[in-house]
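Remarks on the structure that follows.
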Amino acid sequence: MTRSIRRSMPSLLLLAALAACGPSSDSGSQAAQAPKVDACTLFTYEDAKAIAGESLASMASTLDEAVGRDPSECIYNSGTLDQPRILSLLIRYHRSPEAAKRIQESSRSSFNSLSGGRVQDVPGLGDGALWVGGRIQQLHVLEGERELIITVQSPDGTDQLPQARQIAEKIQERMKAGAKPAA
């Protein structure tokens, strides 16, 4: 991934890091023992292409190429290097389903600040879901101790909740069907 793309994603990375922060992250916990799945098995190139409807590229850094891709994230760009349009899945593991819910709730005020107050609950997805609109465009879905963070940026700034929900539903189907663990 080029430096210009890395510089254009600070709020997304900050938000993802915020979602993973707190005393309930998975070090030494039950989540560390839970089978981890490869994000790109759950959110495929074909899935991203169906949402983007245009050219698409997988994103990787030189670090990914040197040490291997992190299986907890899958990132695509359907924009340009100067104007990226990110579609991604980031999977975070927490100590327990209860810890995941606490972290999501405690993050709500930060999400409100970052998104200009565009945070809403999304019923019918997983064990609880939260849409963070505005400039962020992320859907946070809880599945047990897993938190699925789905980002769908819009080229024209329109709300992407329907597209993010479509991705989340497909991911949930694959998880129920027994997606393969990450290597």
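Ligands are numbered from 1 in the order shown, residues from 1 within each chain, and chains are lettered A, B, ... in the order they appear in the structure tokens.
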
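DSSP annotation of range 109-152 of chain A from backbone atoms: alpha helix (DSSP H) residues are A:Ser109, A:Ser110, A:Phe111, A:Asn112, A:Ser113, A:Leu114, A:Ser115.
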
Quick one: everything within 9 Å of Ala52 in chain A, counting only C-alpha atoms, minus sequence neighbours fewer than 6 positions away in the same chain. Send it as a PDB file with C-alpha atoms, in the first residue's frame.
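And here's result_6.pdb as it stands now:
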```
ATOM      1  CA  ASN A  77      -9.642  -0.241  -2.983  1.00  0.00           C
ATOM      2  CA  SER A  78     -12.066   0.569  -5.773  1.00  0.00           C
ATOM      3  CA  ARG A  85     -12.529   4.074  -1.893  1.00  0.00           C
ATOM      4  CA  LEU A  87     -14.058  -1.699   1.217  1.00  0.00           C
ATOM      5  CA  VAL A 152     -17.691   0.714   2.765  1.00  0.00           C
TER       6      VAL A 152
END
```

Non-local contacts of Ile91 in chain A (6 Å; only C-alpha atoms; under 3 positions in same chain excluded) as a list of chain:residue names: A:Ser72, A:Glu147, A:Leu148

Could you write those residues out with all heavy atoms, as a compact mmCIF listing (two decimals), in the first residue's frame?
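Resulting contents of result_36.txt:
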```txt
# COMPACT_ATOMS: atom_id res chain seq x y z
N SER A 72 -6.68 -11.31 9.91
CA SER A 72 -7.85 -10.69 10.53
C SER A 72 -8.35 -9.49 9.74
O SER A 72 -9.34 -8.88 10.13
CB SER A 72 -7.54 -10.28 11.97
OG SER A 72 -6.62 -9.21 11.99
N GLU A 147 -15.78 -9.22 16.76
CA GLU A 147 -16.36 -7.97 16.28
C GLU A 147 -15.95 -7.84 14.82
O GLU A 147 -14.77 -7.86 14.49
CB GLU A 147 -15.84 -6.78 17.08
CG GLU A 147 -16.40 -5.47 16.61
CD GLU A 147 -15.89 -4.30 17.42
OE1 GLU A 147 -14.93 -4.47 18.20
OE2 GLU A 147 -16.43 -3.21 17.25
N LEU A 148 -16.93 -7.76 13.95
CA LEU A 148 -16.70 -7.59 12.52
C LEU A 148 -16.84 -6.10 12.21
O LEU A 148 -17.90 -5.52 12.45
CB LEU A 148 -17.72 -8.38 11.71
CG LEU A 148 -17.90 -9.85 12.09
CD1 LEU A 148 -19.07 -10.44 11.33
CD2 LEU A 148 -16.63 -10.62 11.84
```

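The space separating CA of Gly133 in chain A from CA of Thr151 in chain A comes to 10.0 Å.
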
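If you measure from each of A:Gly144, A:Ser107, A:Ala50, A:Asp127 to Ala164 in chain A using only C-alpha atoms, the closest one turns out to be A:Ala50.
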